[in-house]
Each structure stands twice: as structure tokens, then as C-alpha cells.
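Shown next: work.txt, given as compact mmCIF, C-alpha atoms and all ligand atoms.
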# COMPACT_ATOMS: atom_id res chain seq x y z
CA MET P 153 0.00 0.00 0.00
CA SER P 154 1.47 3.36 -0.95
CA LYS P 155 2.29 5.60 1.99
CA LYS P 156 0.57 8.54 0.35
CA ARG P 157 -2.73 6.74 0.07
CA ARG P 158 -2.89 5.44 3.65
CA SER P 159 -5.47 6.72 6.12
CA VAL P 160 -6.07 6.09 9.81
CA VAL P 161 -9.71 5.64 8.86
CA ARG P 162 -8.89 2.57 6.76
CA ARG P 163 -8.35 -0.86 8.32
CA SER P 164 -4.90 -2.28 8.91
CA HIS P 165 -3.48 -5.59 7.77
CA GLU P 166 -2.69 -8.20 10.39
CA PRO P 167 1.07 -8.35 11.02
CA GLU P 168 2.91 -11.25 9.44
CA ASN P 169 3.39 -14.07 11.91
CA ILE P 170 4.55 -17.61 11.29
CA GLY P 171 3.49 -18.55 14.83
CA THR P 172 0.06 -19.79 15.82
CA PRO P 173 -1.70 -18.08 18.73
CA LEU P 174 -2.21 -20.45 21.64
CA THR P 175 -5.56 -19.00 22.62
CA THR P 176 -8.38 -18.55 20.12
CA PRO P 177 -8.15 -14.94 18.89
CA LEU P 178 -11.15 -12.81 19.74
CA SER P 179 -12.83 -11.88 16.49
CA PRO P 180 -15.30 -9.04 17.07
CA SER P 181 -15.61 -8.11 13.40
CA VAL P 182 -19.21 -7.90 12.25
CA VAL P 183 -18.19 -8.29 8.64
CA PHE P 184 -15.68 -10.22 6.56
CA HIS P 185 -14.63 -8.79 3.21
CA TYR P 186 -13.72 -10.63 0.03
CA PRO P 187 -11.60 -9.84 -3.01
CA ASP P 188 -14.50 -10.25 -5.44
CA VAL P 189 -18.11 -11.35 -5.94
CA ASP P 190 -17.18 -14.96 -6.74
CA HIS P 191 -15.43 -15.53 -3.42
CA LEU P 192 -18.35 -14.12 -1.40
CA LYS P 193 -20.86 -16.12 -3.44
CA ALA P 194 -18.89 -19.32 -2.83
CA VAL P 195 -19.12 -18.73 0.93
CA TYR P 196 -22.85 -17.92 0.80
CA ASN P 197 -23.43 -21.09 -1.20
CA LYS P 198 -21.31 -23.11 1.27
CA GLN P 199 -18.87 -24.11 -1.50
CA ALA P 200 -16.08 -22.45 0.49
CA GLN P 201 -15.52 -22.13 4.21
CA GLY P 202 -15.85 -18.62 5.61
CA PHE P 203 -17.79 -16.00 7.49
CA THR P 204 -19.75 -13.13 5.99
CA TYR P 205 -21.79 -11.13 8.50
CA ALA P 206 -21.83 -11.78 12.26
CA ARG P 207 -25.55 -12.58 12.49
CA TYR P 208 -24.76 -15.65 10.34
CA GLY P 209 -21.96 -16.79 12.63
CA ASN P 210 -18.47 -15.76 13.66
CA PRO P 211 -15.21 -17.61 14.33
CA ASN P 212 -15.63 -17.57 18.12
CA SER P 213 -19.15 -19.02 18.03
CA ALA P 214 -17.95 -21.68 15.57
CA VAL P 215 -15.08 -22.71 17.86
CA LEU P 216 -17.35 -22.87 20.90
CA ALA P 217 -20.16 -24.74 19.12
CA ASP P 218 -17.62 -27.29 17.93
CA LYS P 219 -16.30 -27.80 21.45
CA ILE P 220 -19.73 -28.24 23.07
CA SER P 221 -20.84 -30.50 20.20
CA TRP P 222 -17.83 -32.69 20.92
CA MET P 223 -18.81 -32.82 24.60
CA GLU P 224 -22.41 -33.71 23.70
CA ASN P 225 -21.46 -36.16 20.95
CA ALA P 226 -23.42 -34.03 18.47
CA GLN P 227 -22.64 -33.85 14.78
CA GLY P 228 -23.01 -30.07 15.04
CA GLY P 229 -24.49 -27.28 17.05
CA VAL P 230 -25.58 -23.68 16.99
CA MET P 231 -24.71 -20.95 19.50
CA THR P 232 -27.34 -18.43 20.54
CA ALA P 233 -27.45 -15.28 22.68
CA SER P 234 -28.87 -17.07 25.77
CA GLY P 235 -30.41 -20.33 26.88
CA MET P 236 -33.88 -18.89 26.26
CA SER P 237 -32.96 -17.88 22.70
CA ALA P 238 -31.75 -21.46 22.11
CA LEU P 239 -35.17 -22.69 23.18
CA SER P 240 -36.88 -20.02 21.03
CA ALA P 241 -34.81 -21.19 18.05
CA VAL P 242 -35.95 -24.79 18.57
CA PHE P 243 -39.65 -23.93 18.64
CA LEU P 244 -39.58 -21.25 15.94
CA SER P 245 -37.54 -23.45 13.57
CA LEU P 246 -39.70 -26.50 13.77
CA LEU P 247 -43.30 -25.74 14.68
CA GLU P 248 -45.93 -25.32 12.01
CA ALA P 249 -49.57 -24.26 12.39
CA GLY P 250 -51.56 -26.94 14.21
CA ASP P 251 -48.53 -28.57 15.85
CA GLY P 252 -48.62 -29.42 19.54
CA ILE P 253 -45.91 -29.18 22.19
CA ALA P 254 -45.50 -31.46 25.18
CA ALA P 255 -43.48 -30.07 28.06
CA ALA P 256 -42.45 -31.47 31.42
CA THR P 257 -44.09 -29.75 34.40
CA GLN P 258 -40.68 -29.57 36.09
CA LEU P 259 -38.81 -27.03 33.96
CA TYR P 260 -37.00 -23.74 34.47
CA GLY P 261 -39.67 -21.06 35.15
CA GLN P 262 -39.16 -19.10 31.92
CA SER P 263 -39.27 -22.30 29.87
CA LEU P 264 -42.65 -22.95 31.51
CA LYS P 265 -43.72 -19.40 30.65
CA MET P 266 -42.59 -19.81 27.03
CA THR P 267 -44.46 -23.10 26.56
CA SER P 268 -47.57 -22.24 28.60
CA GLN P 269 -48.04 -18.59 27.55
CA VAL P 270 -45.90 -17.24 24.71
CA LEU P 271 -46.24 -20.18 22.33
CA VAL P 272 -49.90 -20.65 23.27
CA ARG P 273 -50.54 -16.99 22.36
CA LEU P 274 -49.03 -17.76 18.94
CA GLY P 275 -51.54 -20.59 18.44
CA PHE P 276 -49.68 -23.70 19.60
CA ASN P 277 -51.13 -26.00 22.24
CA THR P 278 -48.97 -27.25 25.07
CA THR P 279 -49.68 -30.39 27.07
CA PHE P 280 -47.79 -30.75 30.35
CA PHE P 281 -46.67 -34.08 31.76
CA ASP P 282 -44.85 -35.40 34.80
CA ALA P 283 -41.54 -36.56 33.30
CA SER P 284 -40.66 -38.70 36.34
CA ASP P 285 -43.87 -40.68 36.10
CA SER P 286 -43.90 -42.75 32.91
CA ALA P 287 -47.16 -44.44 33.93
CA THR P 288 -48.98 -41.13 33.42
CA PHE P 289 -47.04 -39.58 30.55
CA VAL P 290 -47.16 -42.46 28.06
CA ASN P 291 -50.86 -41.78 27.55
CA ALA P 292 -50.75 -38.01 28.10
CA ILE P 293 -48.76 -36.96 25.02
CA PRO P 294 -51.19 -36.15 22.17
CA ALA P 295 -50.73 -37.55 18.66
CA ASN P 296 -50.20 -34.08 17.07
CA THR P 297 -47.17 -33.36 19.30
CA LYS P 298 -44.21 -32.09 17.26
CA ILE P 299 -41.76 -31.23 20.04
CA ILE P 300 -41.31 -32.69 23.51
CA LEU P 301 -39.23 -30.71 26.01
CA ALA P 302 -37.79 -32.03 29.28
CA GLU P 303 -34.79 -31.55 31.55
CA ILE P 304 -32.93 -34.69 32.72
CA VAL P 305 -32.42 -33.27 36.21
CA SER P 306 -34.98 -30.53 36.69
CA ASN P 307 -34.78 -27.00 38.03
CA PRO P 308 -35.17 -26.56 41.03
CA MET P 309 -36.62 -29.79 42.46
CA LEU P 310 -33.91 -32.00 40.93
CA ARG P 311 -36.52 -34.52 39.78
CA VAL P 312 -35.13 -37.00 37.25
CA THR P 313 -36.85 -37.74 33.93
CA ASN P 314 -37.65 -41.33 33.06
CA PHE P 315 -35.64 -40.89 29.90
CA PRO P 316 -35.97 -44.36 28.30
CA ALA P 317 -39.77 -44.18 28.60
CA LEU P 318 -39.81 -40.62 27.23
CA VAL P 319 -37.76 -41.63 24.17
CA LYS P 320 -40.28 -44.38 23.48
CA ALA P 321 -43.23 -42.01 24.00
CA ALA P 322 -41.66 -39.51 21.55
CA LYS P 323 -41.17 -42.25 18.93
CA ASP P 324 -44.75 -43.46 19.40
CA VAL P 325 -46.20 -40.05 18.47
CA GLY P 326 -43.43 -39.16 15.99
CA ALA P 327 -42.32 -36.11 17.99
CA LEU P 328 -38.83 -34.62 18.26
CA LEU P 329 -37.39 -34.93 21.76
CA VAL P 330 -35.45 -31.90 23.03
CA ILE P 331 -33.50 -32.13 26.26
CA ASP P 332 -32.40 -29.11 28.28
CA ASN P 333 -29.19 -30.54 29.70
CA THR P 334 -28.17 -27.41 31.64
CA PHE P 335 -28.44 -28.90 35.12
CA THR P 336 -27.17 -32.33 34.15
CA THR P 337 -24.20 -31.25 31.98
CA PRO P 338 -22.77 -33.39 29.15
CA THR P 339 -20.74 -35.33 31.71
CA GLY P 340 -23.83 -36.34 33.68
CA PHE P 341 -25.84 -37.59 30.73
CA SER P 342 -25.55 -37.62 26.98
CA PRO P 343 -29.11 -37.23 25.61
CA LEU P 344 -28.20 -37.63 21.92
CA ASP P 345 -26.47 -40.96 22.57
CA HIS P 346 -29.62 -42.30 24.17
CA GLY P 347 -32.33 -41.27 21.72
CA ALA P 348 -32.97 -37.50 22.03
CA ASP P 349 -33.14 -35.49 18.79
CA MET P 350 -31.74 -32.25 20.17
CA VAL P 351 -29.84 -31.16 23.26
CA MET P 352 -29.78 -27.59 24.53
CA HIS P 353 -27.84 -25.70 27.18
CA SER P 354 -27.91 -22.43 28.96
CA VAL P 355 -24.13 -22.01 28.50
CA THR P 356 -24.54 -19.07 30.88
CA LYS P 357 -24.35 -21.61 33.71
CA MET P 358 -21.97 -24.45 34.55
CA LEU P 359 -20.37 -24.80 31.10
CA SER P 360 -18.96 -21.26 31.11
CA GLY P 361 -18.91 -21.16 34.88
CA HIS P 362 -18.09 -17.57 35.83
CA SER P 363 -21.39 -15.63 35.68
CA ASP P 364 -19.99 -13.14 33.19
CA LEU P 365 -21.95 -13.92 30.00
CA THR P 366 -25.24 -15.25 28.64
CA LEU P 367 -25.19 -17.86 25.86
CA GLY P 368 -27.19 -20.82 24.61
CA TYR P 369 -26.40 -23.91 22.56
CA ILE P 370 -28.46 -26.45 20.60
CA GLY P 371 -26.88 -29.61 19.23
CA ALA P 372 -28.23 -32.37 16.99
CA ASN P 373 -27.13 -35.28 14.84
CA ASP P 374 -29.31 -34.44 11.86
CA GLN P 375 -28.00 -31.98 9.28
CA GLU P 376 -31.47 -30.93 8.17
CA LEU P 377 -32.41 -30.01 11.75
CA LEU P 378 -29.13 -28.15 12.18
CA ASN P 379 -29.69 -26.19 8.96
CA LYS P 380 -33.15 -25.14 10.13
CA LEU P 381 -31.85 -24.06 13.53
CA ASP P 382 -28.99 -22.13 11.93
CA GLU P 383 -31.35 -20.36 9.55
CA THR P 384 -33.74 -19.37 12.35
CA VAL P 385 -30.92 -18.07 14.53
CA SER P 386 -29.59 -15.83 11.76
CA THR P 387 -32.99 -14.74 10.41
CA LEU P 388 -34.45 -13.85 13.81
CA GLY P 389 -31.17 -12.44 15.13
CA LEU P 390 -30.74 -14.88 18.02
CA ASN P 391 -26.98 -15.03 17.40
CA ALA P 392 -24.28 -15.16 20.05
CA SER P 393 -21.75 -12.40 20.69
CA PRO P 394 -18.13 -13.26 19.78
CA TYR P 395 -16.86 -11.89 23.08
CA ASN P 396 -19.24 -14.07 25.10
CA CYS P 397 -18.20 -17.12 23.08
CA TRP P 398 -14.54 -16.30 23.61
CA LEU P 399 -15.08 -16.00 27.38
CA ALA P 400 -17.15 -19.19 27.48
CA GLU P 401 -14.43 -21.11 25.64
CA ARG P 402 -11.98 -19.96 28.27
CA GLY P 403 -14.37 -21.14 30.99
CA LEU P 404 -14.83 -24.51 29.33
CA HIS P 405 -11.14 -25.33 29.66
CA THR P 406 -11.67 -25.90 33.38
CA PHE P 407 -15.15 -27.44 33.17
CA ASP P 408 -14.08 -30.98 34.10
CA LEU P 409 -12.15 -29.82 37.16
CA ARG P 410 -14.90 -27.45 38.28
CA LEU P 411 -17.54 -30.12 37.88
CA LYS P 412 -15.56 -32.68 39.83
CA GLN P 413 -14.98 -30.37 42.79
CA ALA P 414 -18.48 -28.86 42.82
CA GLN P 415 -20.12 -32.30 42.56
CA SER P 416 -18.13 -33.62 45.46
CA ASN P 417 -19.03 -30.53 47.52
CA ALA P 418 -22.72 -30.90 46.60
CA ALA P 419 -22.83 -34.52 47.79
CA ARG P 420 -21.24 -33.54 51.10
CA LEU P 421 -23.49 -30.51 51.54
CA ALA P 422 -26.62 -32.62 50.88
CA ARG P 423 -25.61 -34.99 53.68
CA LEU P 424 -24.88 -32.07 56.03
CA LEU P 425 -28.25 -30.43 55.30
CA PHE P 426 -30.06 -33.75 55.74
CA LYS P 427 -28.86 -33.97 59.32
CA HIS P 428 -29.54 -30.36 60.36
CA LYS P 429 -32.45 -29.67 62.70
CA ASN P 430 -33.50 -26.48 60.84
CA VAL P 431 -33.86 -28.24 57.50
CA THR P 432 -37.14 -30.03 56.84
CA LYS P 433 -36.43 -31.51 53.37
CA VAL P 434 -33.41 -32.05 51.13
CA HIS P 435 -33.75 -32.60 47.38
CA TYR P 436 -30.63 -34.15 45.87
CA PRO P 437 -30.75 -37.08 43.43
CA GLY P 438 -27.76 -38.77 45.07
CA LEU P 439 -29.65 -39.32 48.35
CA SER P 440 -31.44 -42.64 48.73
CA THR P 441 -34.47 -40.68 50.07
CA HIS P 442 -34.90 -38.83 46.74
CA PRO P 443 -38.02 -40.08 44.89
CA ASP P 444 -36.05 -40.61 41.65
CA HIS P 445 -32.86 -41.96 43.18
CA SER P 446 -33.00 -45.26 41.28
CA MET P 447 -33.54 -43.47 37.92
CA ALA P 448 -30.71 -41.06 38.83
CA LYS P 449 -28.40 -44.01 39.51
CA LYS P 450 -29.39 -45.60 36.21
CA LEU P 451 -28.89 -42.49 34.06
CA LEU P 452 -26.20 -40.39 35.70
CA ASP P 453 -23.35 -42.82 36.36
CA GLY P 454 -22.69 -41.23 39.76
CA HIS P 455 -22.81 -37.65 38.43
CA PHE P 456 -25.57 -36.39 40.68
CA GLY P 457 -24.76 -32.79 39.83
CA THR P 458 -23.82 -29.58 41.54
CA MET P 459 -27.24 -28.49 42.75
CA VAL P 460 -28.93 -29.15 46.09
CA SER P 461 -32.32 -27.78 47.14
CA PHE P 462 -33.66 -27.76 50.66
CA VAL P 463 -36.58 -26.47 52.68
CA LEU P 464 -35.76 -24.30 55.64
CA ASN P 465 -37.71 -24.60 58.85
CA GLY P 466 -40.13 -21.77 59.76
CA GLY P 467 -41.56 -18.90 57.72
CA HIS P 468 -40.56 -15.86 55.70
CA GLU P 469 -38.66 -14.17 58.54
CA ASN P 470 -36.59 -17.27 59.08
CA LEU P 471 -35.75 -17.33 55.39
CA ASN P 472 -34.48 -13.76 55.55
CA THR P 473 -32.54 -14.51 58.75
CA PHE P 474 -30.82 -17.44 57.01
CA LEU P 475 -29.97 -15.41 53.89
CA ARG P 476 -28.58 -12.50 55.92
CA ALA P 477 -26.57 -14.85 58.12
CA ALA P 478 -25.13 -16.58 55.03
CA GLU P 479 -23.44 -13.30 54.15
CA ASN P 480 -20.49 -14.94 52.37
CA ILE P 481 -22.72 -16.88 50.00
CA PRO P 482 -24.30 -14.55 47.45
CA TYR P 483 -28.08 -14.71 47.14
CA GLY P 484 -28.83 -13.99 43.49
CA PRO P 485 -30.74 -15.49 40.58
CA THR P 486 -28.27 -17.66 38.69
CA LEU P 487 -26.43 -20.98 39.02
CA GLY P 488 -23.27 -22.65 37.85
CA ASP P 489 -20.88 -20.00 39.14
CA VAL P 490 -17.43 -20.99 40.40
CA ALA P 491 -18.56 -19.98 43.89
CA THR P 492 -21.53 -21.25 45.86
CA MET P 493 -24.75 -19.26 45.38
CA LEU P 494 -28.26 -19.34 46.77
CA ILE P 495 -31.62 -18.62 45.23
CA VAL P 496 -35.18 -18.84 46.46
CA PRO P 497 -37.10 -20.20 43.42
CA ALA P 498 -40.47 -18.95 44.71
CA VAL P 499 -39.26 -15.35 44.31
CA SER P 500 -36.89 -15.86 41.36
CA SER P 501 -36.96 -18.56 38.70
CA HIS P 502 -40.57 -19.63 39.42
CA ARG P 503 -42.04 -16.32 40.62
CA GLU P 504 -44.44 -16.10 37.69
CA LEU P 505 -46.28 -19.32 38.54
CA ASP P 506 -49.51 -19.25 40.55
CA LYS P 507 -48.78 -20.15 44.13
CA SER P 508 -50.98 -23.26 43.92
CA GLU P 509 -49.20 -24.45 40.73
CA ARG P 510 -45.85 -23.75 42.31
CA LEU P 511 -46.71 -25.71 45.44
CA LYS P 512 -47.95 -28.61 43.29
CA LEU P 513 -44.44 -28.81 41.85
CA GLY P 514 -43.05 -28.91 45.39
CA ILE P 515 -41.61 -25.39 45.22
CA GLU P 516 -42.40 -24.24 48.74
CA ASP P 517 -41.92 -20.63 49.89
CA ASN P 518 -38.91 -21.63 51.99
CA LEU P 519 -37.26 -23.78 49.33
CA ILE P 520 -33.65 -22.69 48.85
CA ARG P 521 -31.69 -23.86 45.83
CA VAL P 522 -27.93 -24.04 46.28
CA SER P 523 -25.66 -23.91 43.27
CA VAL P 524 -22.61 -25.47 44.84
CA GLY P 525 -19.24 -24.01 43.90
CA ILE P 526 -15.64 -25.14 43.95
CA GLU P 527 -14.51 -23.60 47.25
CA SER P 528 -13.04 -25.97 49.81
CA PHE P 529 -15.83 -27.96 51.42
CA GLU P 530 -14.74 -26.78 54.86
CA LEU P 531 -15.51 -23.18 53.90
CA ILE P 532 -18.95 -24.10 52.57
CA ARG P 533 -19.66 -26.24 55.62
CA ASP P 534 -18.78 -23.50 58.09
CA ASP P 535 -20.83 -20.85 56.24
CA PHE P 536 -23.88 -23.11 56.07
CA LEU P 537 -23.67 -24.24 59.67
CA GLU P 538 -23.42 -20.65 60.85
CA ALA P 539 -26.43 -19.54 58.79
CA LEU P 540 -28.53 -22.63 59.60
CA ASP P 541 -27.84 -22.27 63.29
CA ALA P 542 -28.94 -18.62 63.12
CA ALA P 543 -32.23 -19.49 61.36
C1 LIG P 601 -32.44 -25.23 33.18
C2 LIG P 601 -32.37 -23.89 32.53
N1 LIG P 601 -32.65 -23.79 31.22
C3 LIG P 601 -32.62 -22.60 30.59
C4 LIG P 601 -32.30 -21.43 31.26
C5 LIG P 601 -32.27 -20.12 30.53
O1 LIG P 601 -30.97 -19.75 30.28
P1 LIG P 601 -30.49 -18.22 30.03
O2 LIG P 601 -30.64 -17.50 31.32
O3 LIG P 601 -29.08 -18.38 29.56
O4 LIG P 601 -31.40 -17.67 28.98
C6 LIG P 601 -32.00 -21.50 32.63
C7 LIG P 601 -31.66 -20.26 33.37
O5 LIG P 601 -31.58 -20.26 34.59
C8 LIG P 601 -32.04 -22.75 33.28
O6 LIG P 601 -31.77 -22.87 34.59
Let me see the structure of the file written as C-alpha cells.
Amino acid sequence: MSKKRRSVVRRSHEPENIGTPLTTPLSPSVVFHYPDVDHLKAVYNKQAQGFTYARYGNPNSAVLADKISWMENAQGGVMTASGMSALSAVFLSLLEAGDGIAAATQLYGQSLKMTSQVLVRLGFNTTFFDASDSATFVNAIPANTKIILAEIVSNPMLRVTNFPALVKAAKDVGALLVIDNTFTTPTGFSPLDHGADMVMHSVTKMLSGHSDLTLGYIGANDQELLNKLDETVSTLGLNASPYNCWLAERGLHTFDLRLKQAQSNAARLARLLFKHKNVTKVHYPGLSTHPDHSMAKKLLDGHFGTMVSFVLNGGHENLNTFLRAAENIPYGPTLGDVATMLIVPAVSSHRELDKSERLKLGIEDNLIRVSVGIESFELIRDDFLEALDAA
């Protein structure tokens, strides 16, 4: 480039470098330019590999999708802006007028809102079923069902889906089975290997692990499904930000270690809570008292997860006393952070349900959900004992 015709306004060339960066470079560019029409056309027509405009994908989302697809044993996957946009992409890609949805009653609160209100307003019918109770759901899923949605380990009651029976029920009605694997993680269970059609994640949570981004993922083993999802994500603008994908990839490097430590802490915390006089119930699939313990043992290969829910003795005041006394454990509406966190589902994730519906699911006013972190167990133990004793 001639010196005379340079301008600070114009873009620079990357410096020559025969080395390869160790970390994935962050690629915030919205657009990728080409030397001529033929090159751009070849990329649009998928005859050549490349990126065009960020809503259609970017290098960081491609790297991250590939990594999570590998973890989930998926042929491919699509990144989205959040877990809820991943779920939106599934429904908006695949539903056609007249199609039905079947959703588990035990789902994240906003997934319940999407299936019971938003999609119903758009003309789709949703049937709800108890995913732990195959005796009732085999006959409850209508013949026009196109998509079935369930979580393997549910939020926040940690109920476990009877997955083999649900796969059979989906086949019987010819529906696509979508599993939200956020709580379970790819290590706990691999839905695609066992008969699900799609797996989704709120990557915001345990996979990225640091509460500094929102992202979603959907994976599948069917190219036609993947193409539809990809098209919906780019057309409706549900795409993921490069920076969030870059951060999430960094978080994923330590996923195995974080999971191992947090799972071990969760098992120990569940046992501690079980014995405490101010705790009336503990929900944790690794306990033999859990209603789905035998299904959890069958599906999860000992990976009972990083979440524990429990019911605190007493009323609202007691709940506040506990939360204030647990001053080192943040009380805030998320999960999957490196550090232990608390939420009260009745006032956070499930606040939009009627009280009677909420109680039917077992979500009592004093139910506390613990997202167990990777601190030393001794620290967690001492903080909990202090707060429980104060309550
Ligand atoms: C099980 C589950 N699925 C989906 C979501 C939604 O994810 P996001 O907040 O990334 O949209 C959440 C969020 O808490 C969740 O817990």
C-alpha cells in the first residue's frame, strides 16, 4: 500500500506471523470482506468455508459450538445469545400451524412461561406431563405433538426424567425430543447418545462457569435439523456475541475440574443439610431418600450434579434470617458460578407461577436452591452451619 494513500480511517493488515496463537483470537468483526463477488458467493453457497456477517456466525461461536458439540457427541451445534434464545430457536424453527408441544411440568420457570403462555398466544397448544412418572405420561402426550421438552435433572426440584420411557413415547407419536441438559451437563448424561433429537444448554451456567456472560447452545445429529436451527438463529437475530463465546471457551477449559470439585461438595453438603435440625427436606438425586434416586443411579453414572435444594424450617422471617446470616454466600438469581450461590425459586426462577401451581411442583416458599461451587468444602460447611444455626 502506498504511503501517500494510507489513512487512519482505513483498516490495517494483520502483522505477518509464522506462529500460531495459543488462545483462540477474539474476532469481534461484524463483517468479513472478500476480493470479489465470486469468493463471497462461494461462501454464501457453502462451496467455500468462511464467514460473511456476524448474524450468520463468527469464528468464536464456531469454535465454541464445535467444542460443546464434541462434549455432547453431536454432529453439530448452533450458539445463541442465551439459553432462552436457544429454546426459542428450537420452537420457531420446527413448529408449524396446528402442531402441539408437550413439556415437562418440572422445567425452568421461563421455559414454563414460554411453553404455557408465549407459544400458546401464537396458536400452539402445550400439554404438560410429569416426566418422572412414565405411567402417566405415556398416555398423556397427544398424537399431534411435534416437540417434547424435558430436563434430565430438573430445576429446582432436581426430579429425574424417566428418559428411556420418554424416548419411546416420543417415537410413538413421531415427535422430536429436546432435552435441556443445563443442570445435568454433558458429563452427567448424553441425551443424543440415548435417543434425544436435540440437546440444549444455557451455556450461561456451569459450562462457562463464571457468571460473566449469557449464551445458549443447541446440538443435533441431523444436518437438516441443524440447517433449520442455523437459519432461524440468523434470520431472527438470536446469534451469540463473539466476546461471550470467547469468554465461554476460556471457561470450558476448566469445566471438568470445576464439575468434579463442585459435585463432590454438593454430595457432602446434601448430607450435612439432611442432618440439620433447621432443614425439613433435602432434594438431591444422590440421596437414597430422593423419589427418583434409582432413575438417577441408572442415568447419571454417579454424576448427581452440583445443585442441592432444601426447605428451611419456619416462615418468611426465618428465610431472611438465614440469607442474611449466610453473608459470604451470594443470594442472586443464577447458578453454575465458580462460587456457591443461593436462590429462592419462589421469588426468582418460578415467581411467575400461581402459588398453587408452584406448590404442586413442590416449590415451597422456603425452598432454597444451592448452586454449589468449587470452594473448599470446609468453607462451605462453616458458612452453612453458621447460617442454619442462626435461622
Ligand atoms: C435449566 C435452565 N434452562 C434454561 C435457562 C435459561 O438460560 P439463560 O438464562 O441463559 O437464557 C436457565 C436459566 O436459569 C435454566 O436454569
*Counting all atoms listed in the file, what residues are within 10 Å of ligand LIG 601 (chain P), given as a PyMOL selection string?*
chain P and resi 232-240+258-263+302-308+331-336+352-358+365-369+485-488+500-501
Print the selection's residues with C-alpha atoms to a file, as a tab-separated table (two decimals), keeping the file's coordinate frame.
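So selection_18.tsv came out as:
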chain	number	residue	atom	x	y	z
P	232	THR	CA	-27.34	-18.43	20.54
P	233	ALA	CA	-27.45	-15.28	22.68
P	234	SER	CA	-28.87	-17.07	25.77
P	235	GLY	CA	-30.41	-20.33	26.88
P	236	MET	CA	-33.88	-18.89	26.26
P	237	SER	CA	-32.96	-17.88	22.70
P	238	ALA	CA	-31.75	-21.46	22.11
P	239	LEU	CA	-35.17	-22.69	23.18
P	240	SER	CA	-36.88	-20.02	21.03
P	258	GLN	CA	-40.68	-29.57	36.09
P	259	LEU	CA	-38.81	-27.03	33.96
P	260	TYR	CA	-37.00	-23.74	34.47
P	261	GLY	CA	-39.67	-21.06	35.15
P	262	GLN	CA	-39.16	-19.10	31.92
P	263	SER	CA	-39.27	-22.30	29.87
P	302	ALA	CA	-37.79	-32.03	29.28
P	303	GLU	CA	-34.79	-31.55	31.55
P	304	ILE	CA	-32.93	-34.69	32.72
P	305	VAL	CA	-32.42	-33.27	36.21
P	306	SER	CA	-34.98	-30.53	36.69
P	307	ASN	CA	-34.78	-27.00	38.03
P	308	PRO	CA	-35.17	-26.56	41.03
P	331	ILE	CA	-33.50	-32.13	26.26
P	332	ASP	CA	-32.40	-29.11	28.28
P	333	ASN	CA	-29.19	-30.54	29.70
P	334	THR	CA	-28.17	-27.41	31.64
P	335	PHE	CA	-28.44	-28.90	35.12
P	336	THR	CA	-27.17	-32.33	34.15
P	352	MET	CA	-29.78	-27.59	24.53
P	353	HIS	CA	-27.84	-25.70	27.18
P	354	SER	CA	-27.91	-22.43	28.96
P	355	VAL	CA	-24.13	-22.01	28.50
P	356	THR	CA	-24.54	-19.07	30.88
P	357	LYS	CA	-24.35	-21.61	33.71
P	358	MET	CA	-21.97	-24.45	34.55
P	365	LEU	CA	-21.95	-13.92	30.00
P	366	THR	CA	-25.24	-15.25	28.64
P	367	LEU	CA	-25.19	-17.86	25.86
P	368	GLY	CA	-27.19	-20.82	24.61
P	369	TYR	CA	-26.40	-23.91	22.56
P	485	PRO	CA	-30.74	-15.49	40.58
P	486	THR	CA	-28.27	-17.66	38.69
P	487	LEU	CA	-26.43	-20.98	39.02
P	488	GLY	CA	-23.27	-22.65	37.85
P	500	SER	CA	-36.89	-15.86	41.36
P	501	SER	CA	-36.96	-18.56	38.70
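We find atom CA of Tyr186 of chain P and atom CA of Thr204 of chain P to be spaced 8.8 Å apart.
Coordinates place atom CA of Leu301 of chain P at a distance of 4.8 Å from atom CA of Ala255 of chain P.
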*So what do you get for atom CA of His445 of chain P versus atom CA of Thr339 of chain P, distance-wise?*
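Between atom CA of His445 of chain P and atom CA of Thr339 of chain P the gap works out to 18.0 Å.
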*Smallest atom-to-atom distance to Ser386 of chain P: which of P:Leu246, P:Ile532, P:Val230, P:Ala194, using all atoms listed in the file?*
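Residue with the minimum atom-to-atom distance to Ser386 of chain P: P:Val230.
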*Find the residues near Leu505 of chain P: any atom within 9 Å, counting all atoms listed in the file, skip ones fewer than 6 places away on the same chain, and give them as a PyMOL selection string.*
chain P and resi 261+264-265+498
*asked:* Set the distance at 9 Å and use only C-alpha atoms: which residues neighbour segment 206-212 of chain P once local chain neighbours fewer than 2 positions away are removed? I'd like the list as a count of residues only.
replied: 34
*Please provide the set of residues having any atom within 9 Å of Pro338 of chain P, restricted to only C-alpha atoms, with same-chain residues fewer than 5 positions apart removed, written as a PyMOL selection string.*
chain P and resi 220+223-225+333+343
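Every protein or nucleic acid residue with an atom no more than 10 Å from Leu421 of chain P, counting all atoms listed in the file and leaving out same-chain residues fewer than 2 positions away, appears here: Gln415, Ser416, Asn417, Ala418, Ala419, Arg423, Leu424, Leu425, Phe426, Tyr436, Met459, Val460, Val522, Val524, Phe529, Ile532, Arg533 and Phe536 of chain P.
Among the candidate residues P:Ser363, P:Trp222, P:Leu174, P:His185, the one lying nearest to Tyr205 of chain P is P:His185, with distances computed using only C-alpha atoms.
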*asked:* Which polymer residues, whether protein, DNA or RNA, lie within 10 Å of the coordinate (-48.0, -28.5, 18.8) when you count all atoms listed in the file? List them as a ChimeraX atom specification, using the chain letters and numbers from the file.
replied: /P:243,246-254,271-272,275-279,294-300,327
*Considering all atoms listed in the file, return as a ChimeraX atom specification whatever protein or nucleic-acid residues lie within 6 Å of Gly403 of chain P, sequence-local ones (same chain, fewer than 2 positions apart) excluded.*
/P:360-361,400-401,405-406
With N, CA and C atoms as the target, complete segment 390-400 of chain P and hand it back as a compact mmCIF listing (two decimals), in the coordinates of the input.
# COMPACT_ATOMS: atom_id res chain seq x y z
N LEU P 390 -30.94 -14.29 16.69
CA LEU P 390 -30.74 -14.88 18.02
C LEU P 390 -29.27 -15.20 18.26
N ASN P 391 -28.41 -14.65 17.42
CA ASN P 391 -26.98 -15.03 17.40
C ASN P 391 -26.20 -14.62 18.64
N ALA P 392 -25.11 -15.35 18.86
CA ALA P 392 -24.28 -15.16 20.05
C ALA P 392 -23.19 -14.12 19.79
N SER P 393 -22.82 -13.40 20.85
CA SER P 393 -21.75 -12.40 20.69
C SER P 393 -20.38 -13.09 20.71
N PRO P 394 -19.47 -12.65 19.82
CA PRO P 394 -18.13 -13.26 19.78
C PRO P 394 -17.43 -13.19 21.13
N TYR P 395 -17.57 -12.05 21.80
CA TYR P 395 -16.86 -11.89 23.08
C TYR P 395 -17.37 -12.90 24.10
N ASN P 396 -18.70 -13.09 24.15
CA ASN P 396 -19.24 -14.07 25.10
C ASN P 396 -18.75 -15.48 24.77
N CYS P 397 -18.66 -15.78 23.47
CA CYS P 397 -18.20 -17.12 23.08
C CYS P 397 -16.73 -17.30 23.46
N TRP P 398 -15.98 -16.26 23.27
CA TRP P 398 -14.54 -16.30 23.61
C TRP P 398 -14.37 -16.55 25.11
N LEU P 399 -15.16 -15.81 25.92
CA LEU P 399 -15.08 -16.00 27.38
C LEU P 399 -15.54 -17.41 27.77
N ALA P 400 -16.60 -17.87 27.12
CA ALA P 400 -17.15 -19.19 27.48
C ALA P 400 -16.15 -20.28 27.12
